[in-house]
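J.: My file is input_35.pdb. It has PDB, C-alpha atoms:
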ATOM      1  CA  MET Q   1      12.894  33.713 -11.871  1.00  0.00           C
ATOM      2  CA  ASN Q   2      14.213  32.475 -15.156  1.00  0.00           C
ATOM      3  CA  PRO Q   3      13.189  28.990 -16.342  1.00  0.00           C
ATOM      4  CA  GLU Q   4      16.688  27.545 -16.091  1.00  0.00           C
ATOM      5  CA  ASN Q   5      16.765  28.245 -12.353  1.00  0.00           C
ATOM      6  CA  CYS Q   6      13.350  26.607 -11.937  1.00  0.00           C
ATOM      7  CA  GLU Q   7      14.435  23.497 -13.777  1.00  0.00           C
ATOM      8  CA  GLY Q   8      17.328  23.053 -11.367  1.00  0.00           C
ATOM      9  CA  THR Q   9      15.117  22.879  -8.301  1.00  0.00           C
ATOM     10  CA  LEU Q  10      14.078  19.281  -8.966  1.00  0.00           C
ATOM     11  CA  ALA Q  11      15.737  18.221 -12.204  1.00  0.00           C
ATOM     12  CA  VAL Q  12      19.273  18.459 -10.831  1.00  0.00           C
ATOM     13  CA  PRO Q  13      18.765  16.397  -7.632  1.00  0.00           C
ATOM     14  CA  LEU Q  14      16.477  13.964  -9.486  1.00  0.00           C
ATOM     15  CA  GLY Q  15      19.067  13.529 -12.224  1.00  0.00           C
ATOM     16  CA  LYS Q  16      21.672  12.737  -9.578  1.00  0.00           C
ATOM     17  CA  ALA Q  17      19.289  10.284  -7.867  1.00  0.00           C
ATOM     18  CA  LEU Q  18      18.389   8.428 -11.055  1.00  0.00           C
ATOM     19  CA  ASN Q  19      21.529   6.264 -10.988  1.00  0.00           C
ATOM     20  CA  SER Q  20      20.975   5.347  -7.325  1.00  0.00           C
ATOM     21  CA  ILE Q  21      17.389   4.306  -8.053  1.00  0.00           C
ATOM     22  CA  GLN Q  22      18.550   2.195 -11.009  1.00  0.00           C
ATOM     23  CA  CYS Q  23      21.225   0.518  -8.846  1.00  0.00           C
ATOM     24  CA  ILE Q  24      18.715  -0.343  -6.126  1.00  0.00           C
ATOM     25  CA  ARG Q  25      16.286  -1.701  -8.732  1.00  0.00           C
ATOM     26  CA  ASP Q  26      19.013  -3.785 -10.377  1.00  0.00           C
ATOM     27  CA  ARG Q  27      20.169  -5.165  -7.007  1.00  0.00           C
ATOM     28  CA  VAL Q  28      16.618  -6.259  -6.163  1.00  0.00           C
ATOM     29  CA  ARG Q  29      16.014  -7.658  -9.658  1.00  0.00           C
ATOM     30  CA  ASP Q  30      19.267  -9.613  -9.786  1.00  0.00           C
ATOM     31  CA  GLY Q  31      19.620 -10.433  -6.090  1.00  0.00           C
ATOM     32  CA  GLU Q  32      18.189 -12.930  -3.673  1.00  0.00           C
ATOM     33  CA  SER Q  33      16.062 -12.162  -0.648  1.00  0.00           C
ATOM     34  CA  GLY Q  34      16.283 -14.012   2.638  1.00  0.00           C
ATOM     35  CA  GLU Q  35      20.004 -13.855   3.235  1.00  0.00           C
ATOM     36  CA  GLN Q  36      19.418 -13.151   6.949  1.00  0.00           C
ATOM     37  CA  SER Q  37      19.466 -15.990   9.429  1.00  0.00           C
ATOM     38  CA  GLY Q  38      17.079 -16.473  12.315  1.00  0.00           C
ATOM     39  CA  ALA Q  39      13.339 -16.782  12.657  1.00  0.00           C
ATOM     40  CA  PHE Q  40      11.039 -15.155  10.136  1.00  0.00           C
ATOM     41  CA  ASP Q  41       8.048 -13.177  11.388  1.00  0.00           C
ATOM     42  CA  ARG Q  42       5.577 -13.195   8.499  1.00  0.00           C
ATOM     43  CA  SER Q  43       3.162 -10.634   9.963  1.00  0.00           C
ATOM     44  CA  PHE Q  44       6.008  -8.217  10.803  1.00  0.00           C
ATOM     45  CA  PHE Q  45       7.396  -8.623   7.291  1.00  0.00           C
ATOM     46  CA  TRP Q  46       4.085  -7.773   5.597  1.00  0.00           C
ATOM     47  CA  GLU Q  47       3.404  -4.907   7.985  1.00  0.00           C
ATOM     48  CA  SER Q  48       6.870  -3.486   7.259  1.00  0.00           C
ATOM     49  CA  PHE Q  49       6.379  -3.941   3.525  1.00  0.00           C
ATOM     50  CA  ASN Q  50       3.022  -2.173   3.591  1.00  0.00           C
ATOM     51  CA  GLN Q  51       4.531   0.721   5.551  1.00  0.00           C
ATOM     52  CA  ALA Q  52       7.421   1.012   3.090  1.00  0.00           C
ATOM     53  CA  LEU Q  53       5.031   0.966   0.138  1.00  0.00           C
ATOM     54  CA  GLU Q  54       2.807   3.579   1.729  1.00  0.00           C
ATOM     55  CA  ALA Q  55       5.802   5.838   2.414  1.00  0.00           C
ATOM     56  CA  MET Q  56       7.045   5.412  -1.151  1.00  0.00           C
ATOM     57  CA  SER Q  57       3.638   6.107  -2.644  1.00  0.00           C
ATOM     58  CA  GLN Q  58       3.345   9.258  -0.525  1.00  0.00           C
ATOM     59  CA  ASP Q  59       6.854  10.435  -1.434  1.00  0.00           C
ATOM     60  CA  MET Q  60       6.213   9.893  -5.139  1.00  0.00           C
ATOM     61  CA  THR Q  61       2.921  11.792  -4.904  1.00  0.00           C
ATOM     62  CA  ASN Q  62       4.670  14.663  -3.105  1.00  0.00           C
ATOM     63  CA  LEU Q  63       7.430  14.690  -5.717  1.00  0.00           C
ATOM     64  CA  ASN Q  64       4.906  14.742  -8.527  1.00  0.00           C
ATOM     65  CA  LEU Q  65       2.920  17.572  -6.940  1.00  0.00           C
ATOM     66  CA  ALA Q  66       6.050  19.594  -6.193  1.00  0.00           C
ATOM     67  CA  SER Q  67       7.098  19.388  -9.820  1.00  0.00           C
ATOM     68  CA  SER Q  68       3.713  20.207 -11.289  1.00  0.00           C
ATOM     69  CA  LYS Q  69       2.390  23.308  -9.569  1.00  0.00           C
ATOM     70  CA  PRO Q  70       3.762  26.676  -8.562  1.00  0.00           C
ATOM     71  CA  PRO Q  71       5.660  27.628  -6.629  1.00  0.00           C
ATOM     72  CA  GLN Q  72       8.500  25.285  -7.421  1.00  0.00           C
ATOM     73  CA  PRO Q  73      10.391  24.098  -4.343  1.00  0.00           C
ATOM     74  CA  SER Q  74      13.691  25.743  -3.527  1.00  0.00           C
ATOM     75  CA  LEU Q  75      16.792  23.760  -4.440  1.00  0.00           C
ATOM     76  CA  GLN Q  76      17.192  22.837  -0.744  1.00  0.00           C
ATOM     77  CA  ASP Q  77      13.559  21.674  -0.470  1.00  0.00           C
ATOM     78  CA  GLY Q  78      13.902  19.785  -3.749  1.00  0.00           C
ATOM     79  CA  GLU Q  79      16.982  18.006  -2.439  1.00  0.00           C
ATOM     80  CA  LYS Q  80      15.161  17.109   0.806  1.00  0.00           C
ATOM     81  CA  LEU Q  81      12.278  15.690  -1.204  1.00  0.00           C
ATOM     82  CA  VAL Q  82      14.624  13.612  -3.357  1.00  0.00           C
ATOM     83  CA  VAL Q  83      16.441  12.330  -0.247  1.00  0.00           C
ATOM     84  CA  SER Q  84      13.076  11.300   1.185  1.00  0.00           C
ATOM     85  CA  VAL Q  85      12.268   9.440  -2.049  1.00  0.00           C
ATOM     86  CA  LEU Q  86      15.652   7.689  -1.989  1.00  0.00           C
ATOM     87  CA  ASN Q  87      15.162   6.745   1.669  1.00  0.00           C
ATOM     88  CA  SER Q  88      11.756   5.197   0.947  1.00  0.00           C
ATOM     89  CA  ILE Q  89      13.192   3.276  -2.017  1.00  0.00           C
ATOM     90  CA  GLN Q  90      16.060   2.016   0.142  1.00  0.00           C
ATOM     91  CA  ALA Q  91      13.614   1.054   2.906  1.00  0.00           C
ATOM     92  CA  LEU Q  92      11.510  -0.938   0.435  1.00  0.00           C
ATOM     93  CA  SER Q  93      14.553  -2.825  -0.830  1.00  0.00           C
ATOM     94  CA  GLU Q  94      15.697  -3.549   2.736  1.00  0.00           C
ATOM     95  CA  VAL Q  95      12.298  -4.972   3.665  1.00  0.00           C
ATOM     96  CA  TYR Q  96      12.390  -7.127   0.510  1.00  0.00           C
ATOM     97  CA  ASP Q  97      15.802  -8.409   1.618  1.00  0.00           C
ATOM     98  CA  ARG Q  98      14.199  -9.682   4.847  1.00  0.00           C
ATOM     99  CA  LEU Q  99      11.878 -12.098   3.025  1.00  0.00           C
ATOM    100  CA  HIS Q 100      13.228 -15.356   4.391  1.00  0.00           C
ATOM    101  CA  LYS Q 101      14.069 -18.277   2.112  1.00  0.00           C
ATOM    102  CA  SER Q 102      11.758 -20.454   4.214  1.00  0.00           C
ATOM    103  CA  GLN Q 103       8.842 -18.665   2.544  1.00  0.00           C
ATOM    104  CA  GLY Q 104       9.402 -20.512  -0.720  1.00  0.00           C
ATOM    105  CA  VAL Q 105      10.751 -19.767  -4.148  1.00  0.00           C
ATOM    106  CA  THR Q 106       7.383 -18.839  -5.660  1.00  0.00           C
ATOM    107  CA  LEU Q 107       6.461 -16.221  -3.084  1.00  0.00           C
ATOM    108  CA  ARG Q 108       9.962 -14.754  -3.069  1.00  0.00           C
ATOM    109  CA  ARG Q 109       9.872 -14.515  -6.860  1.00  0.00           C
ATOM    110  CA  GLN Q 110       6.445 -12.850  -6.777  1.00  0.00           C
ATOM    111  CA  VAL Q 111       7.547 -10.338  -4.149  1.00  0.00           C
ATOM    112  CA  ARG Q 112      10.771  -9.636  -6.049  1.00  0.00           C
ATOM    113  CA  ASP Q 113       8.893  -9.106  -9.319  1.00  0.00           C
ATOM    114  CA  ALA Q 114       6.348  -6.840  -7.629  1.00  0.00           C
ATOM    115  CA  THR Q 115       9.140  -4.844  -5.950  1.00  0.00           C
ATOM    116  CA  VAL Q 116      10.962  -4.443  -9.266  1.00  0.00           C
ATOM    117  CA  GLU Q 117       7.691  -3.325 -10.870  1.00  0.00           C
ATOM    118  CA  VAL Q 118       7.344  -0.595  -8.226  1.00  0.00           C
ATOM    119  CA  LEU Q 119      10.945   0.504  -8.738  1.00  0.00           C
ATOM    120  CA  ASP Q 120      10.508   0.521 -12.521  1.00  0.00           C
ATOM    121  CA  GLY Q 121       7.458   2.724 -12.036  1.00  0.00           C
ATOM    122  CA  VAL Q 122       9.445   5.075  -9.812  1.00  0.00           C
ATOM    123  CA  LEU Q 123      12.212   5.288 -12.421  1.00  0.00           C
ATOM    124  CA  GLN Q 124       9.698   6.043 -15.157  1.00  0.00           C
ATOM    125  CA  LEU Q 125       8.008   8.739 -13.073  1.00  0.00           C
ATOM    126  CA  VAL Q 126      11.338  10.365 -12.167  1.00  0.00           C
ATOM    127  CA  GLU Q 127      12.363  10.399 -15.837  1.00  0.00           C
ATOM    128  CA  VAL Q 128       9.010  11.929 -16.796  1.00  0.00           C
ATOM    129  CA  ILE Q 129       9.306  14.616 -14.103  1.00  0.00           C
ATOM    130  CA  ILE Q 130      12.825  15.485 -15.253  1.00  0.00           C
ATOM    131  CA  SER Q 131      11.673  15.866 -18.862  1.00  0.00           C
ATOM    132  CA  SER Q 132       8.264  17.498 -18.244  1.00  0.00           C
ATOM    133  CA  PRO Q 133       7.549  21.199 -18.536  1.00  0.00           C
ATOM    134  CA  LEU Q 134       7.645  22.962 -15.223  1.00  0.00           C
ATOM    135  CA  GLN Q 135       4.526  23.902 -13.322  1.00  0.00           C
ATOM    136  CA  SER Q 136       2.240  21.674 -15.335  1.00  0.00           C
ATOM    137  CA  LEU Q 137       0.948  18.218 -14.599  1.00  0.00           C
ATOM    138  CA  THR Q 138       1.304  16.307 -17.844  1.00  0.00           C
ATOM    139  CA  GLN Q 139      -0.750  13.301 -18.860  1.00  0.00           C
ATOM    140  CA  GLU Q 140       2.477  11.304 -18.856  1.00  0.00           C
ATOM    141  CA  GLN Q 141       3.084  12.250 -15.199  1.00  0.00           C
ATOM    142  CA  ILE Q 142      -0.457  11.254 -14.271  1.00  0.00           C
ATOM    143  CA  THR Q 143      -0.062   7.932 -16.080  1.00  0.00           C
ATOM    144  CA  SER Q 144       3.333   7.292 -14.454  1.00  0.00           C
ATOM    145  CA  THR Q 145       1.985   8.125 -11.000  1.00  0.00           C
ATOM    146  CA  ARG Q 146      -0.905   5.734 -11.518  1.00  0.00           C
ATOM    147  CA  GLY Q 147       1.640   3.112 -12.586  1.00  0.00           C
ATOM    148  CA  VAL Q 148       3.512   3.469  -9.285  1.00  0.00           C
ATOM    149  CA  TRP Q 149       0.271   3.288  -7.304  1.00  0.00           C
ATOM    150  CA  SER Q 150      -0.868   0.258  -9.289  1.00  0.00           C
ATOM    151  CA  ALA Q 151       2.458  -1.498  -8.715  1.00  0.00           C
ATOM    152  CA  CYS Q 152       2.202  -0.754  -4.983  1.00  0.00           C
ATOM    153  CA  ASP Q 153      -1.359  -2.122  -4.951  1.00  0.00           C
ATOM    154  CA  ARG Q 154      -0.108  -5.375  -6.499  1.00  0.00           C
ATOM    155  CA  PHE Q 155       1.291  -6.349  -3.101  1.00  0.00           C
ATOM    156  CA  ALA Q 156      -2.225  -6.587  -1.687  1.00  0.00           C
ATOM    157  CA  ARG Q 157      -2.878  -9.461  -4.110  1.00  0.00           C
ATOM    158  CA  LEU Q 158       0.214 -11.471  -3.174  1.00  0.00           C
ATOM    159  CA  PRO Q 159      -0.427 -14.611  -1.091  1.00  0.00           C
ATOM    160  CA  LYS Q 160       0.423 -14.086   2.554  1.00  0.00           C
ATOM    161  CA  GLY Q 161      -1.233 -17.000   4.381  1.00  0.00           C
ATOM    162  CA  LYS Q 162       0.434 -20.162   5.614  1.00  0.00           C
ATOM    163  CA  GLN Q 163      -1.941 -22.472   3.714  1.00  0.00           C
ATOM    164  CA  LYS Q 164      -1.127 -20.857   0.361  1.00  0.00           C
ATOM    165  CA  GLN Q 165       2.536 -20.927   1.311  1.00  0.00           C
ATOM    166  CA  ILE Q 166       2.513 -24.682   1.904  1.00  0.00           C
ATOM    167  CA  ARG Q 167       0.947 -25.246  -1.533  1.00  0.00           C
ATOM    168  CA  GLN Q 168       3.533 -22.984  -3.120  1.00  0.00           C
ATOM    169  CA  ASN Q 169       6.422 -24.737  -1.413  1.00  0.00           C
ATOM    170  CA  SER Q 170       5.049 -28.099  -2.622  1.00  0.00           C
ATOM    171  CA  ALA Q 171       4.668 -26.762  -6.137  1.00  0.00           C
ATOM    172  CA  ASP Q 172       8.245 -25.411  -6.033  1.00  0.00           C
ATOM    173  CA  GLN Q 173       9.536 -28.835  -4.973  1.00  0.00           C
ATOM    174  CA  ASN Q 174       7.574 -30.524  -7.773  1.00  0.00           C
ATOM    175  CA  VAL Q 175       8.993 -28.146 -10.352  1.00  0.00           C
ATOM    176  CA  ASP Q 176      12.493 -28.648  -8.973  1.00  0.00           C
ATOM    177  CA  GLN Q 177      12.076 -32.428  -9.266  1.00  0.00           C
ATOM    178  CA  LEU Q 178      11.167 -32.104 -12.954  1.00  0.00           C
ATOM    179  CA  HIS Q 179      14.526 -30.469 -13.707  1.00  0.00           C
TER     180      HIS Q 179
END
Will you turn the file into structure tokens for me?

T.:
Amino acid sequence: MNPENCEGTLAVPLGKALNSIQCIRDRVRDGESGEQSGAFDRSFFWESFNQALEAMSQDMTNLNLASSKPPQPSLQDGEKLVVSVLNSIQALSEVYDRLHKSQGVTLRRQVRDATVEVLDGVLQLVEVIISSPLQSLTQEQITSTRGVWSACDRFARLPKGKQKQIRQNSADQNVDQLH
């Protein structure tokens, strides 16, 4: 198999997906969560977020492995892998969108920033995979993969309890009153 055919197995679908990933990241970065009405179930939200992060982390690991060791996936398998990555990115952004405004400005900002950090990491890893030599795991890929994992792990450190939330909401109101 000549190298140009190998490059197409992941580089072509990843190149096509890059714009979609950037659009999702930009929508999260520039948008507002909590546009849904109705009651907010905090435990369901965090459970859903953790599941979305786990799926994304797994998909990014699979993508990285598929691009770094022989045999390279077929074009069809590469496209399926990229679709899976896009689905997990979309799922993460949809869960973020469910973070209700009642949870306070500070928490919503922290979750948004952490989500954008994950999506930035995904973009960086995809760009590295597209530009990396085939069938070799580069140091840049390893570093980018760790960056995605680290960004996903950041969610574990976000406040989730009601007591912290009340303090944050009070702090938000105090800041708002200063303006």

J.: Under the rule that all atoms listed in the file are counted, which of Q:Val95, Q:Leu65, Q:Val128, Q:Cys23 is the nearest residue to Thr115 in chain Q?

T.: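 Among the listed residues, Q:Val95 lies closest to Thr115 in chain Q.
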
J.: If the PyMOL selection byres ((chain Q and resi 127) around 10) is run on the structure shown, which residues does it catch, given as JSON, numbers by chain?

T.: {"Q": [11, 14, 15, 18, 121, 122, 123, 124, 125, 126, 128, 129, 130, 131, 132, 141, 144]}

J.: Given all atoms listed in the file as the basis, pick out the residue of Q:Ala52, Q:Asp30, Q:Lys16, Q:Val118 nearest to Val148 in chain Q.

T.: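 Nearest to Val148 in chain Q: Q:Val118.
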
J.: For CA of Glu140 in chain Q and CA of Lys69 in chain Q, quote the distance in Å rounded to one decimal.

T.: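 Going from CA of Glu140 in chain Q over to CA of Lys69 in chain Q, I get 15.2 Å.
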
J.: Using all atoms listed in the file, which protein or nucleic acid residues come within 7 Å of Met60 in chain Q? Drop anything in the same chain fewer than 4 positions from it, and give the result as a ChimeraX atom specification.

T.: /Q:56,64,85

J.: Work out where the centre of an axis-aligned box around every listed atom of range 94-99 of chain Q lies and how long its edges are once 3 Å is added on each side; give both in Å to one decimal as lines of an AutoDock Vina configuration file.

T.:
center_x = 13.8
center_y = -7.8
center_z = 2.7
size_x = 9.9
size_y = 14.5
size_z = 10.3

J.: Could you list, as a list in words, every residue within 9 Å of Ala17 in chain Q, counting all atoms listed in the file and ignoring same-chain residues fewer than 6 positions away?

T.: Val82, Val83 and Leu86 of chain Q

J.: Report, in Å with one decimal, the straight-line distance from CA of Ser84 in chain Q to CA of Gly31 in chain Q.

T.: 23.8 Å

J.: Rounded to one decimal in Å, what is the spacing between CA of Leu81 in chain Q and CA of Glu117 in chain Q?

T.: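 Interatomic distance here is 21.8 Å.
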
J.: Complete range 27-58 of chain Q at the level of N, CA and C atoms, written as an mmCIF file, in the frame of the given file.

T.:
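Wrote result.cif, looks like this:
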data_model
loop_
_atom_site.group_PDB
_atom_site.id
_atom_site.type_symbol
_atom_site.label_atom_id
_atom_site.label_comp_id
_atom_site.auth_asym_id
_atom_site.auth_seq_id
_atom_site.Cartn_x
_atom_site.Cartn_y
_atom_site.Cartn_z
ATOM 1 N N ARG Q 27 19.769 -4.279 -8.097
ATOM 2 C CA ARG Q 27 20.169 -5.165 -7.007
ATOM 3 C C ARG Q 27 18.998 -6.053 -6.583
ATOM 4 N N VAL Q 28 17.796 -5.463 -6.518
ATOM 5 C CA VAL Q 28 16.618 -6.259 -6.163
ATOM 6 C C VAL Q 28 16.323 -7.260 -7.279
ATOM 7 N N ARG Q 29 16.344 -6.797 -8.514
ATOM 8 C CA ARG Q 29 16.014 -7.658 -9.658
ATOM 9 C C ARG Q 29 16.979 -8.829 -9.788
ATOM 10 N N ASP Q 30 18.255 -8.580 -9.566
ATOM 11 C CA ASP Q 30 19.267 -9.613 -9.786
ATOM 12 C C ASP Q 30 19.669 -10.346 -8.517
ATOM 13 N N GLY Q 31 19.195 -9.864 -7.369
ATOM 14 C CA GLY Q 31 19.620 -10.433 -6.090
ATOM 15 C C GLY Q 31 18.661 -11.471 -5.557
ATOM 16 N N GLU Q 32 18.943 -11.888 -4.363
ATOM 17 C CA GLU Q 32 18.189 -12.930 -3.673
ATOM 18 C C GLU Q 32 17.762 -12.369 -2.327
ATOM 19 N N SER Q 33 16.521 -12.563 -1.975
ATOM 20 C CA SER Q 33 16.062 -12.162 -0.648
ATOM 21 C C SER Q 33 16.393 -13.262 0.348
ATOM 22 N N GLY Q 34 16.176 -12.980 1.618
ATOM 23 C CA GLY Q 34 16.283 -14.012 2.638
ATOM 24 C C GLY Q 34 17.679 -14.407 3.028
ATOM 25 N N GLU Q 35 18.632 -13.514 2.876
ATOM 26 C CA GLU Q 35 20.004 -13.855 3.235
ATOM 27 C C GLU Q 35 20.228 -13.811 4.749
ATOM 28 N N GLN Q 36 19.274 -13.217 5.504
ATOM 29 C CA GLN Q 36 19.418 -13.151 6.949
ATOM 30 C C GLN Q 36 19.108 -14.507 7.569
ATOM 31 N N SER Q 37 19.763 -14.756 8.700
ATOM 32 C CA SER Q 37 19.466 -15.990 9.429
ATOM 33 C C SER Q 37 18.512 -15.656 10.566
ATOM 34 N N GLY Q 38 17.994 -16.673 11.202
ATOM 35 C CA GLY Q 38 17.079 -16.473 12.315
ATOM 36 C C GLY Q 38 15.647 -16.712 11.908
ATOM 37 N N ALA Q 39 14.763 -16.537 12.882
ATOM 38 C CA ALA Q 39 13.339 -16.782 12.657
ATOM 39 C C ALA Q 39 12.732 -15.688 11.780
ATOM 40 N N PHE Q 40 11.740 -16.091 11.017
ATOM 41 C CA PHE Q 40 11.039 -15.155 10.136
ATOM 42 C C PHE Q 40 9.667 -14.877 10.726
ATOM 43 N N ASP Q 41 9.349 -13.600 10.877
ATOM 44 C CA ASP Q 41 8.048 -13.177 11.388
ATOM 45 C C ASP Q 41 7.234 -12.652 10.210
ATOM 46 N N ARG Q 42 6.348 -13.505 9.698
ATOM 47 C CA ARG Q 42 5.577 -13.195 8.499
ATOM 48 C C ARG Q 42 4.747 -11.917 8.675
ATOM 49 N N SER Q 43 4.032 -11.797 9.790
ATOM 50 C CA SER Q 43 3.162 -10.634 9.963
ATOM 51 C C SER Q 43 3.983 -9.346 10.066
ATOM 52 N N PHE Q 44 5.140 -9.396 10.731
ATOM 53 C CA PHE Q 44 6.008 -8.217 10.803
ATOM 54 C C PHE Q 44 6.541 -7.850 9.420
ATOM 55 N N PHE Q 45 6.899 -8.874 8.643
ATOM 56 C CA PHE Q 45 7.396 -8.623 7.291
ATOM 57 C C PHE Q 45 6.357 -7.875 6.464
ATOM 58 N N TRP Q 46 5.116 -8.395 6.429
ATOM 59 C CA TRP Q 46 4.085 -7.773 5.597
ATOM 60 C C TRP Q 46 3.699 -6.394 6.113
ATOM 61 N N GLU Q 47 3.693 -6.224 7.417
ATOM 62 C CA GLU Q 47 3.404 -4.907 7.985
ATOM 63 C C GLU Q 47 4.494 -3.910 7.571
ATOM 64 N N SER Q 48 5.750 -4.342 7.660
ATOM 65 C CA SER Q 48 6.870 -3.486 7.259
ATOM 66 C C SER Q 48 6.805 -3.165 5.772
ATOM 67 N N PHE Q 49 6.463 -4.161 4.963
ATOM 68 C CA PHE Q 49 6.379 -3.941 3.525
ATOM 69 C C PHE Q 49 5.275 -2.947 3.201
ATOM 70 N N ASN Q 50 4.129 -3.105 3.839
ATOM 71 C CA ASN Q 50 3.022 -2.173 3.591
ATOM 72 C C ASN Q 50 3.386 -0.756 4.001
ATOM 73 N N GLN Q 51 4.095 -0.606 5.118
ATOM 74 C CA GLN Q 51 4.531 0.721 5.551
ATOM 75 C C GLN Q 51 5.520 1.331 4.559
ATOM 76 N N ALA Q 52 6.448 0.517 4.067
ATOM 77 C CA ALA Q 52 7.421 1.012 3.090
ATOM 78 C C ALA Q 52 6.736 1.422 1.789
ATOM 79 N N LEU Q 53 5.768 0.628 1.363
ATOM 80 C CA LEU Q 53 5.031 0.966 0.138
ATOM 81 C C LEU Q 53 4.216 2.239 0.311
ATOM 82 N N GLU Q 54 3.600 2.382 1.466
ATOM 83 C CA GLU Q 54 2.807 3.579 1.729
ATOM 84 C C GLU Q 54 3.698 4.820 1.734
ATOM 85 N N ALA Q 55 4.862 4.718 2.380
ATOM 86 C CA ALA Q 55 5.802 5.838 2.414
ATOM 87 C C ALA Q 55 6.278 6.186 1.006
ATOM 88 N N MET Q 56 6.586 5.150 0.213
ATOM 89 C CA MET Q 56 7.045 5.412 -1.151
ATOM 90 C C MET Q 56 5.952 6.062 -1.984
ATOM 91 N N SER Q 57 4.759 5.547 -1.888
ATOM 92 C CA SER Q 57 3.638 6.107 -2.644
ATOM 93 C C SER Q 57 3.434 7.575 -2.275
ATOM 94 N N GLN Q 58 3.509 7.880 -0.988
ATOM 95 C CA GLN Q 58 3.345 9.258 -0.525
ATOM 96 C C GLN Q 58 4.472 10.146 -1.044
#
